[in-house]
file my_file.tsv (TSV, N, CA and C atoms)
chain	number	residue	atom	x	y	z
A	1	MET	N	0.85	-1.18	0.00
A	1	MET	CA	0.00	0.00	0.00
A	1	MET	C	0.89	1.23	0.00
A	2	PRO	N	0.71	2.17	-0.96
A	2	PRO	CA	1.58	3.34	-1.02
A	2	PRO	C	1.36	4.26	0.18
A	3	GLN	N	2.45	4.85	0.62
A	3	GLN	CA	2.38	5.72	1.79
A	3	GLN	C	2.53	7.19	1.42
A	4	GLY	N	2.44	7.51	0.14
A	4	GLY	CA	2.55	8.90	-0.27
A	4	GLY	C	3.89	9.15	-0.93
A	5	HIS	N	4.05	10.34	-1.38
A	5	HIS	CA	5.24	10.77	-2.07
A	5	HIS	C	6.35	11.06	-1.06
A	6	ARG	N	7.51	10.44	-1.22
A	6	ARG	CA	8.56	10.54	-0.21
A	6	ARG	C	9.00	11.97	0.09
A	7	PRO	N	9.24	12.83	-0.93
A	7	PRO	CA	9.62	14.22	-0.59
A	7	PRO	C	8.57	14.93	0.26
A	8	ASP	N	7.29	14.64	0.00
A	8	ASP	CA	6.23	15.27	0.80
A	8	ASP	C	6.26	14.78	2.25
A	9	ARG	N	6.42	13.47	2.41
A	9	ARG	CA	6.49	12.91	3.77
A	9	ARG	C	7.70	13.45	4.51
A	10	LEU	N	8.84	13.51	3.81
A	10	LEU	CA	10.05	14.04	4.43
A	10	LEU	C	9.88	15.51	4.78
A	11	GLY	N	9.24	16.27	3.90
A	11	GLY	CA	8.99	17.68	4.17
A	11	GLY	C	8.15	17.89	5.42
A	12	ASP	N	7.13	17.06	5.60
A	12	ASP	CA	6.30	17.16	6.81
A	12	ASP	C	7.11	16.84	8.06
A	13	GLN	N	7.95	15.83	7.95
A	13	GLN	CA	8.78	15.44	9.09
A	13	GLN	C	9.79	16.55	9.41
A	14	ILE	N	10.41	17.12	8.38
A	14	ILE	CA	11.37	18.21	8.59
A	14	ILE	C	10.68	19.41	9.22
A	15	ARG	N	9.48	19.74	8.75
A	15	ARG	CA	8.74	20.88	9.30
A	15	ARG	C	8.49	20.70	10.79
A	16	THR	N	8.07	19.51	11.18
A	16	THR	CA	7.81	19.23	12.59
A	16	THR	C	9.08	19.36	13.42
A	17	GLU	N	10.15	18.77	12.94
A	17	GLU	CA	11.41	18.78	13.70
A	17	GLU	C	12.02	20.18	13.77
A	18	ILE	N	11.99	20.93	12.67
A	18	ILE	CA	12.55	22.28	12.69
A	18	ILE	C	11.76	23.16	13.65
A	19	SER	N	10.45	23.02	13.65
A	19	SER	CA	9.63	23.81	14.59
A	19	SER	C	10.06	23.54	16.02
A	20	ASP	N	10.28	22.27	16.33
A	20	ASP	CA	10.70	21.90	17.68
A	20	ASP	C	12.11	22.43	17.98
A	21	ILE	N	13.02	22.30	17.04
A	21	ILE	CA	14.40	22.77	17.24
A	21	ILE	C	14.42	24.28	17.46
A	22	LEU	N	13.69	25.03	16.64
A	22	LEU	CA	13.68	26.49	16.78
A	22	LEU	C	13.06	26.91	18.11
A	23	ALA	N	12.05	26.19	18.55
A	23	ALA	CA	11.38	26.56	19.79
A	23	ALA	C	12.19	26.20	21.03
A	24	ARG	N	12.93	25.10	20.98
A	24	ARG	CA	13.57	24.60	22.18
A	24	ARG	C	15.09	24.75	22.23
A	25	GLU	N	15.75	24.74	21.08
A	25	GLU	CA	17.20	24.65	21.10
A	25	GLU	C	17.94	25.84	20.52
A	26	VAL	N	17.30	26.62	19.68
A	26	VAL	CA	17.96	27.80	19.12
A	26	VAL	C	17.72	28.96	20.07
A	27	HIS	N	18.82	29.51	20.59
A	27	HIS	CA	18.70	30.57	21.59
A	27	HIS	C	19.11	31.94	21.03
A	28	ASP	N	19.06	32.08	19.72
A	28	ASP	CA	19.39	33.36	19.08
A	28	ASP	C	18.18	34.28	19.23
A	29	PRO	N	18.34	35.43	19.90
A	29	PRO	CA	17.19	36.32	20.08
A	29	PRO	C	16.68	36.89	18.76
A	30	GLY	N	17.49	36.86	17.72
A	30	GLY	CA	17.05	37.36	16.41
A	30	GLY	C	16.01	36.48	15.76
A	31	VAL	N	15.97	35.20	16.14
A	31	VAL	CA	14.99	34.30	15.55
A	31	VAL	C	13.59	34.70	16.01
A	32	GLY	N	13.42	35.00	17.26
A	32	GLY	CA	12.13	35.46	17.75
A	32	GLY	C	11.03	34.44	17.55
A	33	PHE	N	9.82	34.94	17.30
A	33	PHE	CA	8.66	34.07	17.12
A	33	PHE	C	8.52	33.75	15.63
A	34	VAL	N	8.88	32.53	15.25
A	34	VAL	CA	8.84	32.09	13.86
A	34	VAL	C	7.92	30.89	13.76
A	35	THR	N	7.10	30.87	12.73
A	35	THR	CA	6.25	29.73	12.45
A	35	THR	C	6.67	29.11	11.13
A	36	ILE	N	6.96	27.84	11.14
A	36	ILE	CA	7.31	27.13	9.91
A	36	ILE	C	5.99	26.72	9.25
A	37	THR	N	5.72	27.27	8.07
A	37	THR	CA	4.44	27.01	7.41
A	37	THR	C	4.46	25.76	6.55
A	38	ARG	N	5.58	25.53	5.86
A	38	ARG	CA	5.69	24.34	5.04
A	38	ARG	C	7.13	24.11	4.66
A	39	VAL	N	7.42	22.90	4.22
A	39	VAL	CA	8.76	22.56	3.74
A	39	VAL	C	8.58	21.84	2.42
A	40	SER	N	9.28	22.32	1.41
A	40	SER	CA	9.23	21.72	0.09
A	40	SER	C	10.58	21.05	-0.17
A	41	VAL	N	10.57	19.75	-0.37
A	41	VAL	CA	11.79	18.99	-0.62
A	41	VAL	C	11.84	18.63	-2.10
A	42	THR	N	13.00	18.85	-2.74
A	42	THR	CA	13.15	18.51	-4.15
A	42	THR	C	13.03	17.00	-4.32
A	43	SER	N	12.71	16.57	-5.53
A	43	SER	CA	12.48	15.14	-5.77
A	43	SER	C	13.73	14.30	-5.55
A	44	ASP	N	14.93	14.91	-5.68
A	44	ASP	CA	16.16	14.16	-5.44
A	44	ASP	C	16.59	14.23	-3.97
A	45	LEU	N	15.79	14.86	-3.13
A	45	LEU	CA	16.01	14.98	-1.68
A	45	LEU	C	17.30	15.73	-1.33
A	46	GLN	N	17.75	16.60	-2.21
A	46	GLN	CA	18.99	17.34	-1.98
A	46	GLN	C	18.77	18.69	-1.31
A	47	ILE	N	17.61	19.31	-1.56
A	47	ILE	CA	17.33	20.65	-1.02
A	47	ILE	C	15.96	20.65	-0.35
A	48	ALA	N	15.92	21.24	0.83
A	48	ALA	CA	14.65	21.43	1.54
A	48	ALA	C	14.44	22.93	1.70
A	49	ARG	N	13.41	23.45	1.05
A	49	ARG	CA	13.08	24.86	1.17
A	49	ARG	C	12.09	25.00	2.32
A	50	VAL	N	12.53	25.72	3.35
A	50	VAL	CA	11.75	25.85	4.57
A	50	VAL	C	11.08	27.23	4.54
A	51	TYR	N	9.76	27.24	4.44
A	51	TYR	CA	9.00	28.49	4.39
A	51	TYR	C	8.53	28.84	5.80
A	52	TYR	N	8.75	30.08	6.17
A	52	TYR	CA	8.41	30.52	7.52
A	52	TYR	C	7.67	31.85	7.45
A	53	THR	N	7.01	32.16	8.52
A	53	THR	CA	6.38	33.46	8.67
A	53	THR	C	6.67	33.96	10.08
A	54	THR	N	6.57	35.26	10.26
A	54	THR	CA	6.83	35.87	11.55
A	54	THR	C	5.91	37.07	11.72
A	55	MET	N	5.70	37.46	12.95
A	55	MET	CA	4.86	38.62	13.22
A	55	MET	C	5.60	39.92	12.94
A	56	ALA	N	6.92	39.85	12.85
A	56	ALA	CA	7.74	41.04	12.61
A	56	ALA	C	7.50	41.58	11.21
A	57	THR	N	7.71	42.88	11.05
A	57	THR	CA	7.57	43.51	9.74
A	57	THR	C	8.82	44.34	9.45
A	58	GLY	N	9.02	44.62	8.18
A	58	GLY	CA	10.11	45.50	7.76
A	58	GLY	C	11.48	45.00	8.16
A	59	PRO	N	12.26	45.88	8.80
A	59	PRO	CA	13.64	45.51	9.16
A	59	PRO	C	13.72	44.34	10.13
A	60	ALA	N	12.76	44.22	11.02
A	60	ALA	CA	12.77	43.11	11.98
A	60	ALA	C	12.60	41.78	11.25
A	61	ARG	N	11.83	41.77	10.17
A	61	ARG	CA	11.66	40.55	9.39
A	61	ARG	C	12.98	40.16	8.72
A	62	LYS	N	13.71	41.14	8.22
A	62	LYS	CA	15.01	40.87	7.61
A	62	LYS	C	15.99	40.36	8.66
A	63	ASP	N	15.93	40.92	9.87
A	63	ASP	CA	16.78	40.43	10.96
A	63	ASP	C	16.47	38.97	11.28
A	64	THR	N	15.20	38.62	11.26
A	64	THR	CA	14.80	37.23	11.51
A	64	THR	C	15.38	36.33	10.43
A	65	GLY	N	15.31	36.77	9.17
A	65	GLY	CA	15.87	35.99	8.08
A	65	GLY	C	17.37	35.77	8.24
A	66	ARG	N	18.08	36.83	8.65
A	66	ARG	CA	19.53	36.70	8.87
A	66	ARG	C	19.82	35.76	10.04
A	67	ALA	N	19.02	35.84	11.10
A	67	ALA	CA	19.21	34.96	12.26
A	67	ALA	C	18.98	33.50	11.86
A	68	LEU	N	17.98	33.25	11.02
A	68	LEU	CA	17.74	31.89	10.56
A	68	LEU	C	18.90	31.39	9.70
A	69	GLN	N	19.48	32.27	8.90
A	69	GLN	CA	20.64	31.88	8.10
A	69	GLN	C	21.81	31.51	9.00
A	70	ARG	N	22.00	32.29	10.08
A	70	ARG	CA	23.07	31.97	11.04
A	70	ARG	C	22.83	30.63	11.72
A	71	ALA	N	21.58	30.32	11.98
A	71	ALA	CA	21.23	29.10	12.71
A	71	ALA	C	21.16	27.87	11.80
A	72	THR	N	21.20	28.06	10.50
A	72	THR	CA	21.02	26.95	9.56
A	72	THR	C	21.98	25.78	9.80
A	73	PRO	N	23.30	26.00	9.97
A	73	PRO	CA	24.17	24.83	10.21
A	73	PRO	C	23.80	24.06	11.47
A	74	PHE	N	23.47	24.77	12.53
A	74	PHE	CA	23.07	24.11	13.78
A	74	PHE	C	21.80	23.31	13.58
A	75	VAL	N	20.81	23.92	12.93
A	75	VAL	CA	19.52	23.25	12.70
A	75	VAL	C	19.73	22.01	11.83
A	76	ARG	N	20.57	22.13	10.83
A	76	ARG	CA	20.83	21.00	9.92
A	76	ARG	C	21.49	19.84	10.68
A	77	ARG	N	22.44	20.15	11.55
A	77	ARG	CA	23.09	19.09	12.35
A	77	ARG	C	22.08	18.41	13.28
A	78	GLN	N	21.23	19.21	13.92
A	78	GLN	CA	20.22	18.65	14.80
A	78	GLN	C	19.25	17.76	14.02
A	79	LEU	N	18.85	18.22	12.84
A	79	LEU	CA	17.94	17.43	12.01
A	79	LEU	C	18.57	16.11	11.60
A	80	ALA	N	19.84	16.17	11.22
A	80	ALA	CA	20.53	14.95	10.78
A	80	ALA	C	20.51	13.91	11.89
A	81	GLY	N	20.72	14.34	13.12
A	81	GLY	CA	20.69	13.41	14.24
A	81	GLY	C	19.30	12.85	14.50
A	82	ARG	N	18.28	13.65	14.28
A	82	ARG	CA	16.91	13.22	14.56
A	82	ARG	C	16.31	12.35	13.45
A	83	LEU	N	16.64	12.68	12.20
A	83	LEU	CA	16.00	11.99	11.08
A	83	LEU	C	16.74	10.73	10.65
A	84	GLY	N	18.03	10.67	10.90
A	84	GLY	CA	18.80	9.48	10.55
A	84	GLY	C	18.88	9.22	9.05
A	85	LEU	N	18.93	10.27	8.25
A	85	LEU	CA	19.03	10.12	6.80
A	85	LEU	C	20.47	9.86	6.39
A	86	ARG	N	20.65	9.18	5.28
A	86	ARG	CA	21.99	8.94	4.76
A	86	ARG	C	22.61	10.26	4.34
A	87	ARG	N	21.83	11.12	3.69
A	87	ARG	CA	22.31	12.44	3.29
A	87	ARG	C	21.25	13.46	3.67
A	88	MET	N	21.65	14.41	4.49
A	88	MET	CA	20.73	15.45	4.95
A	88	MET	C	20.60	16.52	3.86
A	89	PRO	N	19.36	16.88	3.47
A	89	PRO	CA	19.20	17.93	2.46
A	89	PRO	C	19.73	19.27	2.95
A	90	GLU	N	20.20	20.09	2.02
A	90	GLU	CA	20.58	21.47	2.32
A	90	GLU	C	19.30	22.21	2.69
A	91	LEU	N	19.38	23.12	3.65
A	91	LEU	CA	18.21	23.88	4.08
A	91	LEU	C	18.27	25.28	3.49
A	92	GLU	N	17.17	25.72	2.95
A	92	GLU	CA	17.02	27.10	2.47
A	92	GLU	C	15.81	27.70	3.17
A	93	PHE	N	16.03	28.70	4.01
A	93	PHE	CA	14.92	29.38	4.67
A	93	PHE	C	14.41	30.49	3.77
A	94	ARG	N	13.09	30.50	3.56
A	94	ARG	CA	12.45	31.52	2.73
A	94	ARG	C	11.21	32.05	3.44
A	95	PHE	N	11.05	33.37	3.39
A	95	PHE	CA	9.86	33.97	3.99
A	95	PHE	C	8.64	33.58	3.16
A	96	ASP	N	7.60	33.11	3.80
A	96	ASP	CA	6.37	32.67	3.12
A	96	ASP	C	5.44	33.86	2.93
A	97	GLU	N	5.40	34.37	1.72
A	97	GLU	CA	4.56	35.53	1.43
A	97	GLU	C	3.12	35.16	1.12
A	98	SER	N	2.84	33.87	1.01
A	98	SER	CA	1.48	33.46	0.68
A	98	SER	C	0.51	33.86	1.78
A	99	ILE	N	0.96	33.90	3.03
A	99	ILE	CA	0.09	34.30	4.14
A	99	ILE	C	-0.36	35.75	3.95
A	100	GLU	N	0.59	36.63	3.59
A	100	GLU	CA	0.24	38.03	3.36
A	100	GLU	C	-0.70	38.17	2.17
A	101	HIS	N	-0.48	37.36	1.12
A	101	HIS	CA	-1.36	37.42	-0.05
A	101	HIS	C	-2.77	36.99	0.33
A	102	HIS	N	-2.89	35.94	1.13
A	102	HIS	CA	-4.21	35.48	1.57
A	102	HIS	C	-4.89	36.56	2.40
A	103	ALA	N	-4.15	37.21	3.29
A	103	ALA	CA	-4.73	38.26	4.12
A	103	ALA	C	-5.20	39.43	3.27
A	104	ARG	N	-4.42	39.77	2.26
A	104	ARG	CA	-4.79	40.88	1.36
A	104	ARG	C	-6.05	40.53	0.58
A	105	ILE	N	-6.16	39.31	0.09
A	105	ILE	CA	-7.35	38.88	-0.64
A	105	ILE	C	-8.57	38.91	0.27
A	106	GLU	N	-8.42	38.43	1.48
A	106	GLU	CA	-9.53	38.47	2.45
A	106	GLU	C	-9.97	39.91	2.71
A	107	GLN	N	-8.99	40.83	2.83
A	107	GLN	CA	-9.32	42.23	3.06
A	107	GLN	C	-10.09	42.80	1.87
A	108	LEU	N	-9.68	42.51	0.66
A	108	LEU	CA	-10.36	43.00	-0.53
A	108	LEU	C	-11.78	42.45	-0.62
A	109	ILE	N	-11.96	41.17	-0.32
A	109	ILE	CA	-13.30	40.58	-0.34
A	109	ILE	C	-14.19	41.25	0.70
A	110	HIS	N	-13.65	41.49	1.88
A	110	HIS	CA	-14.41	42.16	2.94
A	110	HIS	C	-14.82	43.56	2.49
A	111	GLU	N	-13.90	44.29	1.86
A	111	GLU	CA	-14.21	45.64	1.38
A	111	GLU	C	-15.30	45.61	0.31
A	112	ILE	N	-15.26	44.62	-0.58
A	112	ILE	CA	-16.28	44.49	-1.62
A	112	ILE	C	-17.64	44.24	-1.00
A	113	HIS	N	-17.70	43.36	0.02
A	113	HIS	CA	-18.98	43.10	0.69
A	113	HIS	C	-19.50	44.36	1.39
A	114	GLU	N	-18.61	45.12	2.01
A	114	GLU	CA	-19.04	46.37	2.66
A	114	GLU	C	-19.58	47.35	1.63
A	115	GLN	N	-18.93	47.46	0.48
A	115	GLN	CA	-19.40	48.37	-0.58
A	115	GLN	C	-20.76	47.92	-1.12
A	116	ASP	N	-20.95	46.60	-1.28
A	116	ASP	CA	-22.23	46.08	-1.74
A	116	ASP	C	-23.34	46.39	-0.74
A	117	GLU	N	-23.05	46.20	0.54
A	117	GLU	CA	-24.05	46.48	1.58
A	117	GLU	C	-24.39	47.96	1.61
A	118	ALA	N	-23.38	48.82	1.47
A	118	ALA	CA	-23.63	50.27	1.48
A	118	ALA	C	-24.44	50.66	0.25
A	119	ARG	N	-24.14	50.07	-0.90
A	119	ARG	CA	-24.89	50.39	-2.12
A	119	ARG	C	-26.33	49.91	-2.00
A	120	ASP	N	-26.55	48.72	-1.46
A	120	ASP	CA	-27.90	48.18	-1.30
A	120	ASP	C	-28.71	49.01	-0.31
A	121	ALA	N	-28.06	49.50	0.74
A	121	ALA	CA	-28.76	50.32	1.74
A	121	ALA	C	-29.13	51.68	1.17
A	122	ALA	N	-28.32	52.21	0.26
A	122	ALA	CA	-28.58	53.54	-0.30
A	122	ALA	C	-29.53	53.49	-1.49
A	123	ALA	N	-29.74	52.34	-2.08
A	123	ALA	CA	-30.60	52.22	-3.26
A	123	ALA	C	-32.07	52.37	-2.85
A	124	PRO	N	-32.87	53.06	-3.69
A	124	PRO	CA	-34.30	53.18	-3.40
A	124	PRO	C	-34.98	51.82	-3.58
A	125	PRO	N	-36.08	51.60	-2.87
A	125	PRO	CA	-36.78	50.32	-3.00
A	125	PRO	C	-37.30	50.13	-4.42
A	126	ASP	N	-37.38	48.90	-4.85
A	126	ASP	CA	-37.82	48.56	-6.20
A	126	ASP	C	-39.34	48.56	-6.24
A	127	ASP	N	-39.96	49.41	-7.10
A	127	ASP	CA	-41.42	49.56	-7.17
A	127	ASP	C	-42.04	48.80	-8.33
A	128	THR	N	-41.31	47.90	-8.96
A	128	THR	CA	-41.86	47.20	-10.13
A	128	THR	C	-42.82	46.10	-9.74
A	129	THR	N	-42.77	45.63	-8.53
A	129	THR	CA	-43.69	44.57	-8.12
A	129	THR	C	-44.53	45.07	-6.95
A	130	ASP	N	-45.68	44.50	-6.84
A	130	ASP	CA	-46.58	44.87	-5.77
A	130	ASP	C	-46.95	43.61	-5.00
A	131	GLY	N	-46.14	43.31	-4.01
A	131	GLY	CA	-46.41	42.13	-3.19
A	131	GLY	C	-46.24	40.83	-3.97
A	132	GLY	N	-45.41	40.83	-4.96
A	132	GLY	CA	-45.16	39.62	-5.72
A	132	GLY	C	-46.07	39.47	-6.92
A	133	THR	N	-47.08	40.34	-7.10
A	133	THR	CA	-47.95	40.26	-8.28
A	133	THR	C	-47.75	41.49	-9.12
A	134	ARG	N	-47.86	41.28	-10.41
A	134	ARG	CA	-47.67	42.39	-11.34
A	134	ARG	C	-49.03	42.83	-11.88
A	135	LYS	N	-49.20	44.13	-12.00
A	135	LYS	CA	-50.43	44.65	-12.57
A	135	LYS	C	-50.20	44.89	-14.06
A	136	SER	N	-51.12	44.43	-14.88
A	136	SER	CA	-50.98	44.61	-16.32
A	136	SER	C	-51.90	45.65	-16.82
call {"tool": "encode", "arguments": {"input": "my_file.tsv", "output": "structure tokens"}}
result
Amino acid sequence: MPQGHRPDRLGDQIRTEISDILAREVHDPGVGFVTITRVSVTSDLQIARVYYTTMATGPARKDTGRALQRATPFVRRQLAGRLGLRRMPELEFRFDESIEHHARIEQLIHEIHEQDEARDAAAPPDDTTDGGTRKS
């Protein structure tokens, strides 16, 4: 019985372990509050792209990215010990912008609904029908 695509399974396992390592073992204050959203592993299992998000904005977000780059060798060593792979994939930390895109889309949809409600409230009542019956 197939158990799924190996890079996907490995990505899920890496995501879980990196979240734990960052929360418990990385003591760099620059890392701060980071959430690992997903991990994409190449089909040859050589590179793991680790997507993260943080509450920080602007320069603080860039500082978080630099702190994660500094912590990458440590995190990779810890992962190698936990996963027991023959060859540990290279880690690439990337900020996950999809969360911001989703939030922006939600905001636009909310604004459209508010505009529709305001337009419906300002529109005069429709006088073409009289209680559901039409007079000819």
call {"tool": "select_by_dssp", "arguments": {"input": "my_file.tsv", "residues": "range 15-136 of chain A", "states": "alpha helix (DSSP H)", "output": "ChimeraX atom specification"}}
result
/A:15-24,59-83,98-122
call {"tool": "atom_distance", "arguments": {"input": "my_file.tsv", "atom1": "atom N of Thr37 in chain A", "atom2": "atom C of Ile21 in chain A"}}
result
13.1 Å
call {"tool": "atom_distance", "arguments": {"input": "my_file.tsv", "atom1": "atom C of Gly30 in chain A", "atom2": "atom N of Gly65 in chain A"}}
result
6.6 Å
call {"tool": "residues_around", "arguments": {"input": "my_file.tsv", "residues": "Ala48 in chain A", "least_positions_apart": "2", "cutoff": "5 Å", "atoms": "only N, CA and C atoms", "output": "number ranges by chain"}}
result
A: 40-41, 46, 50, 89-92
call {"tool": "select_by_dssp", "arguments": {"input": "my_file.tsv", "residues": "chain A", "states": "strand (DSSP E or B)", "output": "list in words"}}
result
Val34, Thr35, Ile36, Thr37, Arg38, Val39, Ser40, Val41, Ile47, Ala48, Arg49, Val50, Tyr51, Tyr52, Thr53, Thr54, Glu90, Leu91, Glu92, Phe93, Arg94, Phe95, Asp130 and Thr133 of chain A
call {"tool": "atom_distance", "arguments": {"input": "my_file.tsv", "atom1": "CA of Asp28 in chain A", "atom2": "atom C of Asp96 in chain A"}}
result
21.3 Å
call {"tool": "residues_around", "arguments": {"input": "my_file.tsv", "residues": "range 66-72 of chain A", "least_positions_apart": "4", "cutoff": "8 Å", "atoms": "all atoms listed in the file", "output": "number ranges by chain"}}
result
A: 26, 28-32, 60-62, 76-78, 91-93
call {"tool": "write_last_selection", "arguments": {"input": "my_file.tsv", "atoms": "N, CA and C atoms", "output": "JSON list (two decimals), keeping the file's coordinate frame"}}
result
[["chain", "number", "residue", "atom", "x", "y", "z"],
["A", 26, "VAL", "N", 17.30, 26.62, 19.68],
["A", 26, "VAL", "CA", 17.96, 27.80, 19.12],
["A", 26, "VAL", "C", 17.72, 28.96, 20.07],
["A", 28, "ASP", "N", 19.06, 32.08, 19.72],
["A", 28, "ASP", "CA", 19.39, 33.36, 19.08],
["A", 28, "ASP", "C", 18.18, 34.28, 19.23],
["A", 29, "PRO", "N", 18.34, 35.43, 19.90],
["A", 29, "PRO", "CA", 17.19, 36.32, 20.08],
["A", 29, "PRO", "C", 16.68, 36.89, 18.76],
["A", 30, "GLY", "N", 17.49, 36.86, 17.72],
["A", 30, "GLY", "CA", 17.05, 37.36, 16.41],
["A", 30, "GLY", "C", 16.01, 36.48, 15.76],
["A", 31, "VAL", "N", 15.97, 35.20, 16.14],
["A", 31, "VAL", "CA", 14.99, 34.30, 15.55],
["A", 31, "VAL", "C", 13.59, 34.70, 16.01],
["A", 32, "GLY", "N", 13.42, 35.00, 17.26],
["A", 32, "GLY", "CA", 12.13, 35.46, 17.75],
["A", 32, "GLY", "C", 11.03, 34.44, 17.55],
["A", 60, "ALA", "N", 12.76, 44.22, 11.02],
["A", 60, "ALA", "CA", 12.77, 43.11, 11.98],
["A", 60, "ALA", "C", 12.60, 41.78, 11.25],
["A", 61, "ARG", "N", 11.83, 41.77, 10.17],
["A", 61, "ARG", "CA", 11.66, 40.55, 9.39],
["A", 61, "ARG", "C", 12.98, 40.16, 8.72],
["A", 62, "LYS", "N", 13.71, 41.14, 8.22],
["A", 62, "LYS", "CA", 15.01, 40.87, 7.61],
["A", 62, "LYS", "C", 15.99, 40.36, 8.66],
["A", 76, "ARG", "N", 20.57, 22.13, 10.83],
["A", 76, "ARG", "CA", 20.83, 21.00, 9.92],
["A", 76, "ARG", "C", 21.49, 19.84, 10.68],
["A", 77, "ARG", "N", 22.44, 20.15, 11.55],
["A", 77, "ARG", "CA", 23.09, 19.09, 12.35],
["A", 77, "ARG", "C", 22.08, 18.41, 13.28],
["A", 78, "GLN", "N", 21.23, 19.21, 13.92],
["A", 78, "GLN", "CA", 20.22, 18.65, 14.80],
["A", 78, "GLN", "C", 19.25, 17.76, 14.02],
["A", 91, "LEU", "N", 19.38, 23.12, 3.65],
["A", 91, "LEU", "CA", 18.21, 23.88, 4.08],
["A", 91, "LEU", "C", 18.27, 25.28, 3.49],
["A", 92, "GLU", "N", 17.17, 25.72, 2.95],
["A", 92, "GLU", "CA", 17.02, 27.10, 2.47],
["A", 92, "GLU", "C", 15.81, 27.70, 3.17],
["A", 93, "PHE", "N", 16.03, 28.70, 4.01],
["A", 93, "PHE", "CA", 14.92, 29.38, 4.67],
["A", 93, "PHE", "C", 14.41, 30.49, 3.77]]
call {"tool": "residues_around", "arguments": {"input": "my_file.tsv", "residues": "Arg94 in chain A", "least_positions_apart": "3", "cutoff": "7 Å", "atoms": "only C-alpha atoms", "output": "list in words"}}
result
Arg49, Val50, Tyr51 and Tyr52 of chain A
call {"tool": "axis_aligned_box", "arguments": {"input": "my_file.tsv", "around": "range 107-122 of chain A", "padding_each_side": "5 Å", "output": "JSON"}}
result
{"center_x": -19.3, "center_y": 47.1, "center_z": 0.5, "size_x": 30.5, "size_y": 23.0, "size_z": 15.2}
call {"tool": "closest_residue", "arguments": {"input": "my_file.tsv", "among": "A:Leu85, A:Glu114, A:Arg104, A:Pro7", "to": "Asp44 in chain A", "atoms": "all atoms listed in the file"}}
result
A:Pro7
call {"tool": "closest_residue", "arguments": {"input": "my_file.tsv", "among": "A:Arg87, A:Arg15, A:His5, A:His113", "to": "Arg38 in chain A", "atoms": "only C-alpha atoms"}}
result
A:Arg15
call {"tool": "build_atoms", "arguments": {"input": "my_file.tsv", "residues": "range 19-23 of chain A", "atoms": "all heavy atoms", "output": "PDB file, keeping the file's coordinate frame"}}
result
ATOM      1  N   SER A  19      10.450  23.020  13.650  1.00  0.00           N
ATOM      2  CA  SER A  19       9.630  23.810  14.590  1.00  0.00           C
ATOM      3  C   SER A  19      10.060  23.540  16.020  1.00  0.00           C
ATOM      4  O   SER A  19      10.203  24.465  16.826  1.00  0.00           O
ATOM      5  CB  SER A  19       8.147  23.470  14.415  1.00  0.00           C
ATOM      6  OG  SER A  19       7.695  23.859  13.156  1.00  0.00           O
ATOM      7  N   ASP A  20      10.280  22.270  16.330  1.00  0.00           N
ATOM      8  CA  ASP A  20      10.700  21.900  17.680  1.00  0.00           C
ATOM      9  C   ASP A  20      12.110  22.430  17.980  1.00  0.00           C
ATOM     10  O   ASP A  20      12.342  22.980  19.061  1.00  0.00           O
ATOM     11  CB  ASP A  20      10.675  20.378  17.826  1.00  0.00           C
ATOM     12  CG  ASP A  20      10.967  19.950  19.243  1.00  0.00           C
ATOM     13  OD1 ASP A  20      10.238  20.386  20.152  1.00  0.00           O
ATOM     14  OD2 ASP A  20      11.946  19.206  19.444  1.00  0.00           O
ATOM     15  N   ILE A  21      13.020  22.300  17.040  1.00  0.00           N
ATOM     16  CA  ILE A  21      14.400  22.770  17.240  1.00  0.00           C
ATOM     17  C   ILE A  21      14.420  24.280  17.460  1.00  0.00           C
ATOM     18  O   ILE A  21      15.100  24.773  18.374  1.00  0.00           O
ATOM     19  CB  ILE A  21      15.295  22.364  16.052  1.00  0.00           C
ATOM     20  CG1 ILE A  21      15.496  20.849  16.036  1.00  0.00           C
ATOM     21  CG2 ILE A  21      16.643  23.084  16.104  1.00  0.00           C
ATOM     22  CD1 ILE A  21      16.103  20.316  14.745  1.00  0.00           C
ATOM     23  N   LEU A  22      13.690  25.030  16.640  1.00  0.00           N
ATOM     24  CA  LEU A  22      13.680  26.490  16.780  1.00  0.00           C
ATOM     25  C   LEU A  22      13.060  26.910  18.110  1.00  0.00           C
ATOM     26  O   LEU A  22      13.505  27.873  18.739  1.00  0.00           O
ATOM     27  CB  LEU A  22      12.934  27.143  15.621  1.00  0.00           C
ATOM     28  CG  LEU A  22      13.618  27.064  14.258  1.00  0.00           C
ATOM     29  CD1 LEU A  22      12.728  27.681  13.187  1.00  0.00           C
ATOM     30  CD2 LEU A  22      14.979  27.759  14.278  1.00  0.00           C
ATOM     31  N   ALA A  23      12.050  26.190  18.550  1.00  0.00           N
ATOM     32  CA  ALA A  23      11.380  26.560  19.790  1.00  0.00           C
ATOM     33  C   ALA A  23      12.190  26.200  21.030  1.00  0.00           C
ATOM     34  O   ALA A  23      12.197  26.947  22.013  1.00  0.00           O
ATOM     35  CB  ALA A  23      10.014  25.869  19.868  1.00  0.00           C
TER      36      ALA A  23
END
